[in-house]
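J.: Please find target.cif (mmCIF, C-alpha atoms) on the next line:
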```cif
data_query
loop_
_atom_site.label_atom_id
_atom_site.label_comp_id
_atom_site.auth_asym_id
_atom_site.auth_seq_id
_atom_site.Cartn_x
_atom_site.Cartn_y
_atom_site.Cartn_z
CA MET G 1 26.31 -39.38 9.88
CA SER G 2 26.22 -36.27 7.72
CA VAL G 3 22.99 -34.44 7.13
CA SER G 4 22.80 -31.53 4.74
CA ASP G 5 21.53 -28.24 6.02
CA GLU G 6 18.79 -28.36 3.42
CA THR G 7 17.55 -31.58 4.96
CA LEU G 8 17.66 -30.06 8.43
CA MET G 9 15.66 -27.15 7.06
CA ALA G 10 13.08 -29.54 5.60
CA TYR G 11 12.91 -31.32 8.95
CA ALA G 12 12.31 -28.04 10.76
CA ASP G 13 9.54 -27.30 8.26
CA GLY G 14 7.94 -30.72 8.77
CA GLU G 15 8.71 -31.73 5.20
CA VAL G 16 10.68 -34.98 5.59
CA ASP G 17 9.46 -38.54 5.35
CA GLU G 18 9.46 -40.98 8.24
CA ALA G 19 12.83 -42.56 7.42
CA THR G 20 14.61 -39.24 7.16
CA ARG G 21 12.94 -38.03 10.31
CA ALA G 22 14.26 -41.05 12.21
CA ILE G 23 17.78 -40.41 10.92
CA ILE G 24 17.68 -36.74 11.88
CA GLU G 25 16.25 -37.40 15.31
CA ALA G 26 19.00 -39.92 15.95
CA ALA G 27 21.54 -37.30 14.84
CA MET G 28 19.92 -34.76 17.14
CA ARG G 29 20.37 -37.05 20.13
CA GLU G 30 24.04 -37.54 19.39
CA ASN G 31 25.04 -34.14 18.09
CA PRO G 32 24.34 -30.82 19.80
CA GLU G 33 25.35 -29.05 16.60
CA VAL G 34 22.42 -30.65 14.77
CA ARG G 35 20.12 -29.60 17.56
CA ARG G 36 21.44 -26.05 17.38
CA ARG G 37 20.93 -25.80 13.63
CA ILE G 38 17.39 -27.07 13.77
CA ALA G 39 16.62 -24.66 16.59
CA GLU G 40 17.95 -21.85 14.41
CA HIS G 41 15.75 -22.85 11.50
CA ARG G 42 12.77 -22.86 13.79
CA ALA G 43 13.73 -19.54 15.34
CA LEU G 44 13.95 -17.97 11.90
CA ARG G 45 10.59 -19.37 10.97
CA GLU G 46 9.06 -17.92 14.12
CA ALA G 47 10.77 -14.59 13.57
CA MET G 48 9.34 -14.40 10.04
CA GLN G 49 5.85 -15.22 11.19
CA GLY G 50 6.06 -12.72 14.03
CA ALA G 51 7.36 -9.95 11.83
CA PHE G 52 4.55 -10.16 9.33
CA SER G 53 1.61 -11.07 11.52
CA ALA G 54 0.57 -7.52 12.43
CA VAL G 55 -1.29 -7.09 9.17
CA LEU G 56 -3.56 -9.97 10.15
CA ASP G 57 -4.96 -7.89 13.00
CA GLU G 58 -5.64 -4.83 10.87
CA PRO G 59 -9.23 -4.24 9.80
CA VAL G 60 -9.64 -5.32 6.20
CA PRO G 61 -10.64 -2.40 3.96
CA GLN G 62 -14.29 -2.56 3.03
CA ARG G 63 -13.46 -2.31 -0.66
CA LEU G 64 -11.66 -5.67 -0.48
CA ILE G 65 -14.57 -7.33 1.31
CA ASP G 66 -16.94 -5.93 -1.30
CA ALA G 67 -14.66 -7.14 -4.08
CA ALA G 68 -14.58 -10.65 -2.60
CA ARG G 69 -18.38 -10.64 -2.54
CA GLY G 70 -18.55 -9.54 -6.14
CA GLN G 71 -19.69 -6.03 -5.28
CA THR G 72 -17.25 -4.16 -7.43
CA ALA G 73 -18.86 -0.72 -7.09
CA ALA G 74 -17.36 -0.43 -3.63
CA PRO G 75 -16.83 2.90 -1.96
CA ALA G 76 -13.29 4.16 -1.79
CA GLY G 77 -11.27 2.89 1.13
CA GLY G 78 -10.17 5.61 3.51
CA HIS G 79 -12.54 7.65 5.61
CA VAL G 80 -10.26 9.86 7.63
CA VAL G 81 -10.07 13.48 6.67
CA ASP G 82 -6.55 14.67 6.14
CA LEU G 83 -6.69 18.28 7.17
CA ALA G 84 -3.61 19.25 5.19
CA ALA G 85 -5.20 17.69 2.15
CA ALA G 86 -8.41 19.50 2.97
CA ARG G 87 -6.58 22.79 2.99
CA ARG G 88 -4.99 22.02 -0.34
CA ALA G 89 -8.33 20.96 -1.74
CA ALA G 90 -10.00 24.09 -0.45
CA ALA G 91 -7.33 26.24 -2.05
CA GLY G 92 -7.88 24.64 -5.42
CA PRO G 93 -10.85 24.96 -7.72
CA ALA G 94 -14.01 23.22 -6.63
CA PRO G 95 -14.87 20.07 -8.55
CA GLY G 96 -17.62 20.22 -11.14
CA ARG G 97 -19.98 18.23 -8.97
CA LEU G 98 -20.34 21.17 -6.62
CA ARG G 99 -22.36 23.02 -9.23
CA SER G 100 -25.27 20.70 -8.69
CA TRP G 101 -25.52 21.50 -5.01
CA GLN G 102 -28.78 22.96 -3.80
CA PRO G 103 -28.38 25.42 -0.94
CA ALA G 104 -30.69 24.48 1.90
CA ALA G 105 -32.36 26.75 4.40
CA MET G 106 -29.80 26.82 7.15
CA ALA G 107 -29.31 30.52 7.69
CA ALA G 108 -27.61 30.24 11.03
CA SER G 109 -24.86 28.12 9.60
CA VAL G 110 -21.77 29.21 7.79
CA LEU G 111 -21.82 25.88 6.07
CA VAL G 112 -23.38 25.06 2.80
CA GLY G 113 -26.06 22.47 3.19
CA VAL G 114 -26.38 19.89 0.52
CA ALA G 115 -29.37 17.78 -0.26
CA LEU G 116 -28.91 15.08 -2.80
CA GLY G 117 -32.33 13.61 -2.16
CA TYR G 118 -30.58 10.67 -0.60
CA VAL G 119 -31.80 8.68 2.35
CA GLY G 120 -29.78 5.78 3.62
CA TRP G 121 -31.10 2.95 5.73
CA HIS G 122 -29.29 0.48 7.89
CA ASN G 123 -30.96 -2.30 9.85
CA ALA G 124 -34.26 -0.46 9.64
CA LYS G 125 -32.73 2.47 11.51
CA PRO G 126 -32.77 5.50 9.25
CA LEU G 127 -29.38 7.03 8.71
CA VAL G 128 -30.67 10.24 7.22
CA THR G 129 -34.04 11.89 7.68
CA THR G 130 -35.51 15.27 6.90
CA GLY G 131 -36.76 17.83 9.40
CA SER G 132 -39.95 19.89 9.29
CA SER G 133 -38.40 22.59 7.13
CA GLY G 134 -36.76 20.14 4.79
CA GLU G 135 -33.31 20.21 6.37
CA LEU G 136 -31.36 16.98 6.56
CA LEU G 137 -30.99 15.38 9.96
CA ALA G 138 -29.07 12.39 11.17
CA GLY G 139 -31.47 9.49 11.62
CA ALA G 140 -31.28 7.26 14.65
CA GLY G 141 -28.59 5.00 13.17
CA LEU G 142 -26.26 7.81 12.17
CA ALA G 143 -26.97 9.86 15.30
CA GLU G 144 -25.92 6.91 17.45
CA ALA G 145 -22.65 6.66 15.60
CA LEU G 146 -21.99 10.40 15.75
CA SER G 147 -22.78 10.60 19.45
CA ASN G 148 -20.95 7.49 20.60
CA GLN G 149 -18.15 6.45 18.28
CA LEU G 150 -14.64 7.76 18.52
CA SER G 151 -12.81 8.40 15.30
CA GLU G 152 -10.52 5.44 15.76
CA ASP G 153 -13.44 3.05 15.82
CA ARG G 154 -13.28 0.85 12.78
CA SER G 155 -15.07 -2.19 14.12
CA PRO G 156 -16.82 -4.26 11.49
CA GLY G 157 -20.56 -3.92 11.26
CA LEU G 158 -20.76 -0.22 12.03
CA ALA G 159 -23.45 1.65 10.12
CA ALA G 160 -21.25 4.70 9.88
CA ILE G 161 -17.64 5.55 10.48
CA THR G 162 -16.71 8.85 12.01
CA GLY G 163 -13.71 10.67 10.63
CA LEU G 164 -12.71 14.06 11.94
CA SER G 165 -14.22 15.90 14.90
CA PHE G 166 -13.84 19.61 15.47
CA ARG G 167 -15.37 22.72 16.96
CA ALA G 168 -16.91 24.93 14.27
CA LYS G 169 -16.78 28.71 14.21
CA THR G 170 -20.41 28.68 15.35
CA GLY G 171 -19.26 26.90 18.52
CA ASP G 172 -21.03 23.68 17.58
CA TYR G 173 -19.24 20.36 17.49
CA CYS G 174 -19.08 18.88 14.01
CA ARG G 175 -17.95 15.49 12.75
CA THR G 176 -17.33 14.02 9.35
CA PHE G 177 -18.75 10.59 8.66
CA SER G 178 -18.96 7.90 6.04
CA LEU G 179 -21.85 5.54 5.68
CA THR G 180 -20.60 2.00 5.33
CA GLY G 181 -21.96 -0.77 3.19
CA SER G 182 -22.92 -0.07 -0.37
CA HIS G 183 -24.14 3.48 0.26
CA GLY G 184 -20.77 5.06 -0.38
CA SER G 185 -21.90 8.39 1.03
CA SER G 186 -19.90 10.75 3.18
CA GLY G 187 -20.77 13.94 4.88
CA LEU G 188 -20.42 16.44 7.66
CA ALA G 189 -22.83 16.77 10.57
CA CYS G 190 -22.92 19.35 13.36
CA HIS G 191 -24.56 18.97 16.73
CA GLU G 192 -27.03 21.80 17.22
CA SER G 193 -29.51 22.37 20.02
CA ASP G 194 -31.95 19.82 18.62
CA GLY G 195 -29.56 17.12 17.48
CA TRP G 196 -27.18 16.25 14.65
CA LYS G 197 -27.84 18.25 11.49
CA ILE G 198 -26.28 17.20 8.24
CA LYS G 199 -24.44 20.03 6.61
CA VAL G 200 -22.97 18.19 3.69
CA LEU G 201 -23.89 14.84 2.23
CA THR G 202 -22.22 13.59 -0.86
CA GLN G 203 -21.75 10.39 -2.75
CA SER G 204 -18.21 9.06 -2.48
CA PRO G 205 -16.47 8.57 -5.78
CA PRO G 206 -16.66 4.92 -6.81
CA ALA G 207 -13.51 2.91 -6.36
CA ALA G 208 -11.61 2.07 -9.49
CA SER G 209 -12.43 -1.56 -10.01
CA SER G 210 -10.32 -2.31 -13.04
CA SER G 211 -6.72 -3.34 -12.98
CA SER G 212 -5.74 -0.56 -15.34
CA ASN G 213 -4.55 1.96 -12.79
CA PHE G 214 -3.58 2.41 -9.19
CA ARG G 215 -5.26 5.05 -7.15
CA PRO G 216 -3.16 7.52 -5.23
CA ALA G 217 -2.02 6.17 -1.91
CA ALA G 218 -3.80 8.81 0.18
CA SER G 219 -7.55 8.44 0.26
CA ALA G 220 -9.78 10.75 2.23
CA ASP G 221 -13.24 12.14 2.44
CA PRO G 222 -14.61 13.60 -0.77
CA PRO G 223 -13.47 17.12 -1.70
CA ALA G 224 -16.88 18.58 -0.87
CA VAL G 225 -16.62 17.35 2.70
CA ARG G 226 -13.03 18.42 3.08
CA ALA G 227 -13.83 21.87 1.75
CA ALA G 228 -16.73 22.22 4.19
CA VAL G 229 -14.46 21.22 7.08
CA GLU G 230 -11.88 23.73 6.04
CA GLU G 231 -14.48 26.47 5.74
CA SER G 232 -16.06 25.95 9.12
CA ILE G 233 -13.35 24.67 11.43
CA ASN G 234 -12.27 26.82 14.33
CA GLY G 235 -8.75 25.91 15.39
CA GLU G 236 -7.51 22.37 15.22
CA PRO G 237 -9.47 19.11 15.04
CA LEU G 238 -10.11 17.25 18.28
CA ASP G 239 -7.71 14.56 19.37
CA ARG G 240 -8.92 11.43 21.12
CA ALA G 241 -9.08 13.10 24.51
CA GLY G 242 -10.99 16.00 23.00
CA GLU G 243 -13.50 13.64 21.47
CA ILE G 244 -14.00 11.84 24.76
CA ALA G 245 -14.55 15.16 26.55
CA ALA G 246 -17.00 16.33 23.90
CA ARG G 247 -18.85 13.04 24.12
CA GLN G 248 -19.12 13.39 27.90
CA GLY G 249 -20.72 16.79 27.33
CA ASN G 250 -23.14 15.25 24.83
CA TRP G 251 -21.52 17.29 22.07
CA SER G 252 -23.26 20.35 23.42
CA ALA G 253 -21.84 23.67 22.21
CA SER G 254 -21.86 25.02 25.76
CA SER G 255 -19.78 22.15 27.16
CA GLY G 256 -16.04 22.36 27.51
CA ARG G 257 -15.93 26.13 27.76
CA MET R 1 -25.98 -26.86 -3.16
CA SER R 2 -26.95 -24.54 -6.00
CA THR R 3 -24.39 -22.70 -8.06
CA ASN R 4 -25.33 -19.46 -6.35
CA GLU R 5 -24.97 -20.97 -2.92
CA ARG R 6 -21.62 -22.43 -3.83
CA THR R 7 -20.48 -19.06 -5.14
CA GLU R 8 -21.58 -17.32 -1.97
CA THR R 9 -19.85 -19.92 0.18
CA VAL R 10 -16.60 -19.50 -1.69
CA GLN R 11 -16.94 -15.73 -1.57
CA GLU R 12 -17.18 -15.85 2.21
CA GLN R 13 -14.16 -18.16 2.33
CA ILE R 14 -12.28 -15.59 0.26
CA VAL R 15 -13.36 -12.85 2.68
CA ALA R 16 -11.92 -14.95 5.51
CA LEU R 17 -8.63 -15.27 3.62
CA LEU R 18 -8.30 -11.52 2.94
CA PRO R 19 -5.98 -10.87 5.91
CA ARG R 20 -3.53 -13.50 4.64
CA LEU R 21 -3.80 -12.23 1.07
CA ARG R 22 -2.97 -8.75 2.32
CA ARG R 23 0.04 -10.09 4.20
CA PHE R 24 1.34 -11.96 1.16
CA ALA R 25 0.77 -8.90 -1.06
CA ARG R 26 2.89 -6.78 1.26
CA ASN R 27 5.81 -9.05 0.56
CA LEU R 28 5.28 -8.35 -3.13
CA VAL R 29 4.55 -4.64 -3.06
CA ARG R 30 6.04 -2.21 -0.60
CA ALA R 31 3.25 0.34 -0.06
CA PRO R 32 0.27 -1.06 1.87
CA HIS R 33 -2.28 0.74 -0.30
CA ASP R 34 -0.69 -0.63 -3.47
CA ALA R 35 -0.57 -4.08 -1.90
CA ASP R 36 -4.30 -3.82 -1.19
CA ASP R 37 -4.86 -2.81 -4.80
CA MET R 38 -3.13 -6.02 -5.85
CA VAL R 39 -5.38 -8.00 -3.50
CA GLN R 40 -8.43 -6.34 -5.01
CA ILE R 41 -7.30 -7.12 -8.54
CA ALA R 42 -6.58 -10.73 -7.60
CA VAL R 43 -9.91 -11.21 -5.84
CA GLU R 44 -11.80 -9.77 -8.80
CA ARG R 45 -9.93 -12.12 -11.12
CA ALA R 46 -10.60 -15.07 -8.84
CA LEU R 47 -14.34 -14.43 -8.88
CA LEU R 48 -14.30 -14.41 -12.66
CA ARG R 49 -12.57 -17.80 -12.64
CA LEU R 50 -14.38 -19.53 -9.82
CA ASP R 51 -15.29 -22.35 -12.17
CA GLN R 52 -11.57 -23.16 -12.46
CA TRP R 53 -11.21 -23.79 -8.76
CA HIS R 54 -11.94 -27.29 -7.55
CA SER R 55 -13.09 -27.58 -4.00
CA ASP R 56 -10.57 -30.32 -3.25
CA ALA R 57 -7.74 -27.88 -3.99
CA ARG R 58 -6.55 -25.43 -1.36
CA LEU R 59 -8.30 -22.11 -1.81
CA ASP R 60 -5.45 -20.17 -0.25
CA SER R 61 -2.84 -21.59 -2.65
CA TRP R 62 -5.11 -20.89 -5.60
CA LEU R 63 -5.61 -17.28 -4.52
CA PHE R 64 -1.91 -16.78 -3.80
CA LYS R 65 -1.18 -17.98 -7.31
CA ILE R 66 -3.68 -15.57 -8.87
CA LEU R 67 -2.26 -12.76 -6.75
CA ARG R 68 1.29 -13.60 -7.72
CA ASN R 69 0.36 -13.76 -11.42
CA ALA R 70 -1.57 -10.48 -11.19
CA TRP R 71 1.49 -8.92 -9.62
CA ILE R 72 3.73 -10.19 -12.43
CA ASP R 73 1.31 -8.69 -14.95
CA GLU R 74 1.41 -5.37 -13.12
CA VAL R 75 5.19 -5.38 -12.92
CA ARG R 76 5.43 -6.01 -16.63
CA SER R 77 2.90 -3.39 -17.59
CA ARG R 78 4.35 -0.84 -15.21
CA ALA R 79 8.03 -1.66 -15.49
CA ARG R 80 8.95 1.96 -15.95
CA ARG R 81 7.43 2.90 -12.64
CA ALA R 82 9.59 0.36 -10.90
CA LYS R 83 9.97 2.31 -7.68
CA LEU R 84 6.44 1.37 -6.71
CA PHE R 85 7.60 -2.18 -6.28
CA MET R 86 10.36 -3.86 -4.37
CA PRO R 87 13.55 -3.04 -6.24
CA GLU R 88 15.01 -6.28 -7.55
CA GLU R 89 18.56 -4.99 -7.45
CA ALA R 90 18.28 -4.68 -3.69
CA GLY R 91 18.98 -8.39 -3.55
CA GLU R 92 22.51 -7.78 -4.70
CA HIS R 93 23.27 -6.18 -1.39
CA VAL R 94 22.53 -9.26 0.63
CA GLY R 95 25.12 -9.60 3.36
CA GLU R 96 25.90 -5.90 3.56
CA ALA R 97 23.28 -5.28 6.19
CA SER R 98 24.19 -3.55 9.40
CA MET R 99 26.22 -5.75 11.69
CA GLU R 100 24.33 -4.40 14.67
CA ARG R 101 20.96 -5.54 13.43
CA GLU R 102 18.84 -7.36 15.93
CA ILE R 103 15.97 -9.72 15.36
CA ASP R 104 12.98 -7.52 15.68
CA ARG R 105 10.02 -6.71 13.53
CA LEU R 106 11.59 -3.90 11.57
CA SER R 107 14.85 -5.62 10.89
CA VAL R 108 13.15 -8.79 9.72
CA GLU R 109 11.07 -6.74 7.32
CA ALA R 110 14.14 -4.87 6.15
CA ALA R 111 16.05 -8.10 5.64
CA MET R 112 13.13 -9.58 3.75
CA ALA R 113 12.98 -6.54 1.48
CA ARG R 114 16.63 -7.09 0.60
CA LEU R 115 16.15 -10.64 -0.55
CA PRO R 116 16.11 -11.27 -4.28
CA GLN R 117 12.55 -11.56 -5.43
CA ASP R 118 12.58 -15.32 -6.13
CA GLN R 119 13.91 -16.09 -2.66
CA ARG R 120 11.54 -13.62 -1.04
CA LEU R 121 8.54 -15.33 -2.61
CA ALA R 122 9.68 -18.77 -1.47
CA VAL R 123 10.32 -17.53 2.07
CA SER R 124 7.03 -15.65 2.16
CA LEU R 125 4.94 -18.62 1.12
CA VAL R 126 6.65 -21.26 3.27
CA LEU R 127 7.83 -19.43 6.37
CA VAL R 128 5.25 -16.65 6.63
CA GLU R 129 2.19 -18.23 5.06
CA GLY R 130 3.01 -21.75 6.23
CA LEU R 131 2.42 -23.46 2.89
CA ALA R 132 3.84 -26.92 2.30
CA TYR R 133 6.76 -27.05 -0.15
CA LYS R 134 4.55 -28.77 -2.71
CA ASP R 135 1.87 -26.04 -2.50
CA ALA R 136 4.40 -23.22 -2.59
CA ALA R 137 6.06 -24.78 -5.63
CA ASP R 138 2.68 -24.94 -7.29
CA VAL R 139 1.92 -21.27 -6.56
CA LEU R 140 5.25 -20.29 -8.10
CA ASP R 141 5.08 -22.77 -11.01
CA LEU R 142 8.38 -24.30 -9.94
CA PRO R 143 9.69 -27.84 -9.52
CA ILE R 144 9.87 -28.63 -5.83
CA GLY R 145 13.68 -28.91 -5.95
CA THR R 146 13.97 -25.35 -7.24
CA LEU R 147 11.59 -24.11 -4.57
CA THR R 148 13.63 -25.89 -1.90
CA SER R 149 16.93 -24.42 -3.03
CA ARG R 150 15.49 -20.91 -3.26
CA LEU R 151 14.08 -21.32 0.21
CA ALA R 152 17.43 -22.55 1.54
CA ARG R 153 19.31 -19.66 -0.06
CA GLY R 154 16.75 -17.15 1.18
CA ARG R 155 17.00 -18.52 4.68
CA GLU R 156 20.75 -18.44 4.62
CA ALA R 157 20.73 -14.80 3.48
CA LEU R 158 18.20 -13.88 6.15
CA ALA R 159 20.23 -15.65 8.82
CA LEU R 160 23.28 -13.67 7.73
CA MET R 161 21.46 -10.38 7.76
CA LEU R 162 19.85 -11.11 11.09
CA ARG R 163 23.22 -12.30 12.42
CA LEU R 164 22.09 -15.82 12.92
CA PRO R 165 25.02 -18.15 12.35
CA GLU R 166 25.08 -19.08 8.69
CA GLY R 167 24.08 -22.58 7.76
CA ASP R 168 26.43 -24.95 5.99
CA PHE R 169 27.10 -28.61 5.82
CA LEU R 170 27.89 -30.75 8.79
#
```
Output the structure of this file as structure tokens.

T.:
Amino acid sequence: MSVSDETLMAYADGEVDEATRAIIEAAMRENPEVRRRIAEHRALREAMQGAFSAVLDEPVPQRLIDAARGQTAAPAGGHVVDLAAARRAAAGPAPGRLRSWQPAAMAASVLVGVALGYVGWHNAKPLVTTGSSGELLAGAGLAEALSNQLSEDRSPGLAAITGLSFRAKTGDYCRTFSLTGSHGSSGLACHESDGWKIKVLTQSPPAASSSSNFRPAASADPPAVRAAVEESINGEPLDRAGEIAARQGNWSASSGR
Amino acid sequence: MSTNERTETVQEQIVALLPRLRRFARNLVRAPHDADDMVQIAVERALLRLDQWHSDARLDSWLFKILRNAWIDEVRSRARRAKLFMPEEAGEHVGEASMEREIDRLSVEAAMARLPQDQRLAVSLVLVEGLAYKDAADVLDLPIGTLTSRLARGREALALMLRLPEGDFL
């Protein structure tokens, strides 16, 4: 009995009819070589599936989920500030959008406050509110995220994603964030004595939705946010352990000193 | 079910298939971000053509086919920027892989990247995505015999590169 390797391959893939299957299984009983070859085909199949399965466990970028739901004006994908990119961006000319910024009354801060008249809502928890003197504050939804989430947290369903955490020159802890869903807004918030204050809030550039061009591979927070980080950061951004320590101290400026 | 409800149902099915679409795209395009761009293009195209999909057909095969066709369009329109994509000539080096290679994640990916494109697509759809020969042949617009021989050659090349004993006739 001679069975071609292509037929053994089809058997290993479950692609043969009943008659052929009976022939091959008879050959397997008689011939260890047939058994070995089928085992090899199966091993290769398993190796291929194992090698490429990691992507299945990755979080799917929000822009793809939005695209599948027909929401093509999705925010751009990445939310993590690349500090090197921030430094490059800060060294370059500011984008035209910066001209429309309105300085807010935050004298104690070295940061430029930005109010775009934007208030985001998520599950009836306000993401952004305004204080008594008109300054922007993190609402309950955003404050929860800023106080509790670590920067690696990309679980689905989060109202906001935190990017980079750092200690500012003022001594306050600051974090960049992106609001998820269709808001497409990103910003920088710092924890001051009375809670998280929003220093920068800006609309993310819309994702290119046409097939005409690829975007650059590196995506990051908008230039306005990166520039604000660069301007205010003292030292290096916090690593995971640093974030956990800051969280334990409730992001208080006096903790960790 | 209304048309809107049907559309929303299919949209959620597409969302559920996104991880597999991303995996297939990464066997077409090397850089993950570019692969995701291909997925986005394909999904947008699919939504425009939802009326062409019949619910008795497999949604995954249909989406793979749109993705594969979108990729071919991109390759054609961007042929001069070929380095973005898997270099086709890499397939000519099949069999020259390191003799010390072991079967692990990286080496399987490296071996896969060295396959000629037609074999890589057949292997990706059948061995990685688990499509039946008939469905994979349909995605690639091939007769099933051609699909089978590409799959066999791709497997043989992979076995060589991964130092599995090469297959031949009994």

J.: Starting from 3 Å padding per side, set up an axis-aligned box that covers all listed atoms of stretch 117-124 of chain R and hand over centre and edge lengths in Å, one decimal, as JSON.

T.:
```
{"center_x": 10.5, "center_y": -15.2, "center_z": -2.0, "size_x": 12.9, "size_y": 13.2, "size_z": 14.3}
```

J.: How many Å separate atom CA of G:Pro59 from atom CA of G:Ser185?

T.: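 Between atom CA of G:Pro59 and atom CA of G:Ser185 the gap is 19.9 Å.
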
J.: Can you give me, as a VMD selection string, the residues this file yields under the PyMOL selection byres ((chain G) within 6 of (chain R))?

T.: chain G and resid 2 4 to 5 45 48 to 49 51 55 to 56 64 to 65 68 to 69 211 217

J.: Can you list what the PyMOL selection byres ((chain R and resi 139-141) around 9) grabs from this structure, as a list of chain:residue names?

T.: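 Output from the PyMOL selection byres ((chain R and resi 139-141) around 9), applied to this file: R:Ser61, R:Trp62, R:Leu63, R:Phe64, R:Lys65, R:Ile66, R:Arg68, R:Asn69, R:Leu121, R:Ala122, R:Leu125, R:Lys134, R:Asp135, R:Ala136, R:Ala137, R:Asp138, R:Leu142, R:Pro143, R:Leu147.
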
J.: Which residues, written as a short mmCIF file (atom, residue, chain, number, x, y, z; two decimals) with C-alpha atoms, in the frame of the given file, have at least one atom at most 6 Å from G:Asn234, with only C-alpha atoms counted and residues fewer than 4 positions away on the same chain left out?

T.:
```
data_model
loop_
_atom_site.label_atom_id
_atom_site.label_comp_id
_atom_site.auth_asym_id
_atom_site.auth_seq_id
_atom_site.Cartn_x
_atom_site.Cartn_y
_atom_site.Cartn_z
CA ARG G 167 -15.37 22.72 16.96
CA ALA G 168 -16.91 24.93 14.27
CA LYS G 169 -16.78 28.71 14.21
#
```

J.: State, in Å with one decimal place, the distance from atom CA of G:Asp66 to atom CA of R:Val29.

T.: 21.6 Å

J.: Which protein, DNA or RNA residues are at most 10 Å from (-16.1, -26.0, -3.9) in the file's coordinates when you count all atoms listed in the file, listed as a list in words?

T.: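 I get Met1, Thr3, Arg6, Thr7, Thr9, Val10, Leu50, Asp51, Trp53, His54, Ser55, Asp56, Ala57, Arg58 and Leu59 of chain R for the residues within 10 Å of that point.
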
J.: What is the distance between atom CA of G:Gly70 and atom CA of G:Ser186, in Å to one decimal?

T.: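 Atom CA of G:Gly70 sits 22.4 Å away from atom CA of G:Ser186.
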
J.: Let me know the residues the PyMOL selection byres ((chain G and resi 138) around 10) catches in the file above, as a list in words.

T.: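 Applying the PyMOL selection byres ((chain G and resi 138) around 10) to the structure shown produces Val119, Pro126, Leu127, Val128, Thr129, Thr130, Gly131, Leu136, Leu137, Gly139, Ala140, Gly141, Leu142, Ala143, Glu144, Ala145, Leu146, Ala189, Cys190, His191, Gly195, Trp196, Lys197 and Ile198 of chain G.
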